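Contents: one structure, followed by commentary.
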2 protein chains.
Amino acid sequence: MRWAAVLAGGSGTRFWPLSTAAAPKQFLPLAGPQPLIVDAVSRLRGLIPEERTLVITAAAYVDETRRLLSHLPAENILGEPQAASTGPALAWATHVAQQRDPEASVLSLHADWFVGNALAFRETADAALDVAERFDTLVTVGIVPTRPDVGYGYIVPGEQLDGDARRVDRFEEKPDGERATALIEQGALWNSGLFAWRAERFAAESASLAPEIGPFYGKLTHGDITGFFAAVTPIAVDKSHFERSERVAVVPGRFEWDDVGTWAALGRVRSADPEGNVAVGDDVFVHDAANCVVWSEDGPVVLDGVEDVVVVRARGIVLVTTRARAAQLKELLEHLPPELRDIS
Amino acid sequence: MRWAAVLAGGSGTRFWPLSTAAAPKQFLPLAGPQPLIVDAVSRLRGLIPEERTLVITAAAYVDETRRLLSHLPAENILGEPQAASTGPALAWATHVAQQRDPEASVLSLHADWFVGNALAFRETADAALDVAERFDTLVTVGIVPTRPDVGYGYIVPGEQLDGDARRVDRFEEKPDGERATALIEQGALWNSGLFAWRAERFAAESASLAPEIGPFYGKLTHGDITGFFAAVTPIAVDKSHFERSERVAVVPGRFEWDDVGTWAALGRVRSADPEGNVAVGDDVFVHDAANCVVWSEDGPVVLDGVEDVVVVRARGIVLVTTRARAAQLKELLEHLPPELRDIS
């Protein structure tokens with residue numbers, strides 16, 4: 001049967017000062033009225049039932065995740081004892097699914113995305129699972145790009161497998177703008193992180209291709225999760241499995257998708273006024289401004305005559321930056337005095 | 001003897017949200033640690049004693065003005081029953097001085113200026129009073145311009161009167177940038193509003209040249225201040241006296257002077273970091289920004305990667321605008337919902 005593995009491990013500095021260690025991105029209502037993680041699980045409705053939806057998060061976030069997803073069985077919320085990137089996390093979740101259901105196939109997704117069309121998302125996910133099951137491949141969904149984004153990885157599709165599904169020619173990580181434009185002209189797709197595989201196939205590829213993870217499956221089998229995470233080498237599943245396996249396919253996704261990676265993303269995923277301003281908060285007043293993003297939950301914010309500015313008023317702090325700079329918030333945080341940076 | 005008439009009538013919207021009806025600009029510590037009005041009176045020390053310093057303000061501000069200037073005799077704080085611009089206000093103050101001292105000469109200044117060098121200010125004021133007394137003229141101090149500011153009025157000096165003092169050829173109100181540059185090349189000076197006259201001369205010019213004010217002096221003589229302000233037509237002293245009189249002289253002022261007219265002025269009158277940022281407040285953090293003005297008294301403000309931006313966090317409100325737009329704050333306020341605009 002089909003299972004979902006929802007990755008919800010983000011620790012959240014990219015939405016500072018709103019996101020904090022105690023309130024990472026997936027818990028925040030960034031793209032709409034509900035926390036992103038609630039949207040992510042709701043989006044699966046009709047495709048994968050709640051009892052087969054697993055959520056992998058940090059041990060510290062298990063309680064809050066269970067509270068937000070109270071309709072899921074408590075044992076489906078898996079708390080990682082330590083972070084080890086997506087390879088080990090998905091090995092664990094896939095192993096859990098396989099233990100409960102030896103014929104499991106798994107759809108892997110992230111808890112902190114914006115998706116414009118849930119129906120198209122489910123159709124694509126269904127197609128990806130279908131390809132994974134019929135061809136016994138690791139499947140990645142490649143989003144049809146809408147702009148030469150330099151923050152994403154790209155997938156160059158190869159020969160046709162079946163219908164829309166193709167083999168993967170290669171992956172290209174974060175190209176510059178010119179290269180991104182050239183890639184899009186060649187038909188390259190965004191590597192979203194929406195994946196599908198048969199659990200058995202994933203385990204087999206782990207054993208044969210991923211020395212960072214494969215040798216430690218025994219610990220998972222014996223329930224020694226702490227030992228497993230202590231033993232593995234942190235590695236993204238893209239590297240540990242997709243870039244090494246011969247059995248990789250790509251299915252195109254034609255829905256609006258955004259990884260909501262920076263404050264600037266709110267300008268895409270939230271509805272904007274005619275001048276392109278996105279204002280979230282009851283008391284935001286924007287006058288003669290363009291392409292600004294304003295988030296306020298502490299009180300009034302008034303913008304006048306500015307462009308491309310991001311203003312966040314949260315947790316007692318006011319941040320004023322630009323849409324472009326919002327992508328480098330981490331660098332700013334390194335310069336901030338700790339009492340400002342490490343707000344709770 | 002010499003008297004001072006300090007105009008402190010501002011109602012203060014130009015420093016919103018910090019300045020309010022209850023806290024107009026002259027009460028705020030905009031240029032340094034003390035309220036502007038305290039600086040203005042301190043600046044006279046050694047030139048004009050406190051018992052001969054009069055302050056004209058709105059009736060509503062009399063109590064706070066007396067509190068801030070507690071070293072002045074309470075009866076020297078004059079509360080206007082209604083605003084009528086500087087002509088009637090200075091007619092009243094000059095009349096009060098003349099009643100107490102028939103030989104009074106008056107130095108007129110504003111409570112809300114920045115002055116870079118108090119000693120040079122006093123020397124210039126002394127020279128202006130001297131010219132007013134010796135030549136029985138209305139004297140205006142013309143500040144030697146440091147930039148082609150389009151927000152100021154200009155004085156074009158005429159023939160020499162004595163030493164630095166010259167007659168005034170003409171006044172030019174707020175020229176455009178090109179005209180301002182041309183005026184400066186011709187030797188024009190900024191019309192600061194620092195004036196001097198003999199009280200008797202001012203009254204004589206009121207009677208013969210200012211029909212908006214002159215006919216109502218009887219009310220002042222009879223102590224009917226309310227009747228006087230109800231009867232006069234509001235008019236600036238520049239228009240009622242200086243532009244009409246044949247007895248006008250200009251004395252150059254070679255000190256740093258600013259009327260602190262907008263938030264952008266803080267970029268000039270406060271000390272800036274090497275990138276030209278002025279930050280006022282304990283919890284302001286500026287990273288990779290240039291030519292910004294930040295004022296915070298409600299909590300942390302963090303700026304990253306912005307230029308020419310003005311951020312004010314005061315009275316629970318956050319304002320984000322530009323240095324250029326700060327001059328048009330009044331226009332913004334007209335668009336604001338009343339609950340934001342009329343903060344107290």
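Going through the structure tokens in order, the chains are called A, B, and so on, while each chain numbers its residues from 1 and the ligands are numbered from 1 in the order shown.
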Neighbours of segment 184-193 of chain B within 7 Å (only C-alpha atoms; same-chain residues fewer than 6 positions away dropped), as a PyMOL selection string?
chain B and resi 109+140-145+152-157
Go ahead and write the selection's residues with C-alpha atoms as a CSV table (one decimal), in the first residue's frame.
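See selection08.csv below for the written result:
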chain,number,residue,atom,x,y,z
B,109,LEU,CA,14.2,82.5,16.9
B,140,THR,CA,17.3,88.7,9.3
B,141,VAL,CA,20.2,86.4,9.7
B,142,GLY,CA,21.0,84.7,6.4
B,143,ILE,CA,22.7,81.3,6.8
B,144,VAL,CA,25.6,80.6,4.4
B,145,PRO,CA,24.2,77.7,2.4
B,152,TYR,CA,14.3,76.7,2.4
B,153,GLY,CA,13.7,80.3,1.5
B,154,TYR,CA,16.6,82.4,0.1
B,155,ILE,CA,17.7,86.0,0.8
B,156,VAL,CA,19.5,87.9,-2.0
B,157,PRO,CA,21.7,90.6,-0.2
Specify as a VMD selection string all residues of chain A found within 8 Å of chain B, counting only C-alpha atoms.
chain A and resid 285 287 299 to 306 316 to 322 325 332 335 to 336 340
How would you write, as a VMD selection string, the set of residues in segment 148-326 of chain B that DSSP gives as strand (DSSP E)?
chain B and resid 154 to 162 165 to 172 189 to 198 248 to 253 257 to 258 278 to 280 284 to 287 293 to 296 301 to 304 309 to 314 317 to 322
Extract, using only C-alpha atoms, all DNA, RNA and protein residues at most 6 Å from Trp197 of chain B, discarding same-chain residues fewer than 5 positions from it, and format them as a ChimeraX atom specification.
/B:105-106,132,138
Write a file of the selected residues as a PDB file, in the first residue's frame, keeping C-alpha atoms.
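As a result, again39.pdb now contains:
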ATOM      1  CA  SER B 105      15.216  95.120  21.221  1.00  0.00           C
ATOM      2  CA  VAL B 106      14.144  91.592  20.369  1.00  0.00           C
ATOM      3  CA  ALA B 132      18.938  96.356  14.433  1.00  0.00           C
ATOM      4  CA  LEU B 138      14.451  94.675  10.845  1.00  0.00           C
TER       5      LEU B 138
END
Give me, please, the distance in Å between atom CA of Thr86 of chain B and atom CA of Leu194 of chain B, quoted to one decimal.
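If I compute the distance from atom CA of Thr86 of chain B to atom CA of Leu194 of chain B, I get 12.0 Å.
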Mind checking which residues fall within 9 Å of segment 219-221 of chain B, counting only C-alpha atoms, ignoring those fewer than 4 positions away in the same chain, and posting them as JSON, numbers by chain?
{"B": [92, 95, 96, 99, 225, 226, 227, 228]}
Pick the closest to Val251 of chain A from A:Val139, A:Val237, A:Val294, A:Ile343: which is it, counting only C-alpha atoms?
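Result for the nearest residue to Val251 of chain A: A:Val139.
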